[in-house]
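Participant: Here it is: the structure, laid out below.
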Amino acid sequence: MDELNNYKDVSDEEILKFERSIKAEESAKPLVSPISSFNALLLEYKNASSVFTSKLKSLTELHTGLRSIRKDGNCFYRAFGFRFAELVHQNPQWRNAAILRASQTKDLLSETGYDISILEDFWEPFNEALKPESIFEISFTTEYLSDTIVCYLRLATAAELKKNRDMYEAFVLDSYSSLESFIGSQVEP
């Protein structure tokens, strides 16, 4: 309990310094790591609940490893985009259908009021990452390209939420006054 009371004496300057140190530490990590084994994770959680460790061990039986994504507020979009591009490259039999579906997001953005001529600069790196001749890993490990792709994916998500508001709005109204408020603060770049 004394530990909790010590926090009330922390100054705003100390909090900001701590936040900056965390951000600096995180920004030194790769945007998308190479695949690593589960051994470090198993070691880190060796004293965790038996339910958790058994599930972690079952992952080692099904998968070769895991990738870490930089925790910078864009990790979901970066992880999704990377895995989508990876699957497109690993499965040539559905590459054309996946690329066609991805290109339809431009129409969705236009339908929901976004100026597609401005968004072309964000679409191009994402589209390039999906092409068979691309080395898609570069698109997600180069900060500028990765951030550009993340921006496009955030806008496509916002457009989907706007188009199908009846399906999504109820999920955010307990924390936000409207779906637009949620999109503006959590989704759009």
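By convention here, the chains of the structure tokens are called A, B, ... in the order presented, each chain's residues are numbered starting at 1, and ligands are numbered starting at 1 in the order presented.
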Env of range 68-78 of chain A: 12 Å cut, atoms = only C-alpha atoms, seq-sep filter 4 positions within chain, self excluded. Answer as a PyMOL selection string.
Facilitator: chain A and resi 22-38+41+82-86+126+137+139-143+145-157+185-189
Participant: Among range 20-177 of chain A, which ones does DSSP assign to alpha helix (DSSP H) (computed from the backbone)? Answer as a VMD selection string.
Facilitator: chain A and resid 20 to 27 39 to 44 50 to 62 75 to 90 95 to 111 116 to 130 136 to 141 143 to 163 165 to 168
Participant: Report, in Å to a single decimal, how far apart CA of Asn47 in chain A and CA of Leu59 in chain A are.
Facilitator: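 About the pair CA of Leu59 in chain A and CA of Asn47 in chain A: they are 17.5 Å apart.
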Participant: Determine the nearest neighbour of Leu100 in chain A from the options A:Lys131, A:Asp121, A:Ile116, A:Arg20, counting only C-alpha atoms.
Facilitator: A:Lys131
Participant: Between A:Asn127, A:Ser21, A:Ser177, A:Ser11, single out the one closest to Ala102 in chain A, counting only C-alpha atoms.
Facilitator: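 Comparing A:Asn127, A:Ser21, A:Ser177, A:Ser11 against Ala102 in chain A, the winner is A:Asn127.
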Participant: Any idea what's packed within 12 Å of Glu169 in chain A, counting only C-alpha atoms, ignoring anything in its chain fewer than 2 positions away? Could you give it as a PyMOL selection string?
Facilitator: chain A and resi 160-167+171-183
Participant: Closest to Ser134 in chain A among A:Val88, A:Ala158, A:Ile15, A:Leu56, using only C-alpha atoms?
Facilitator: A:Val88
Participant: Just how far from CA of Phe80 in chain A is CA of Thr112 in chain A, in Å to one decimal?
Facilitator: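 Those two atoms sit 22.3 Å apart.
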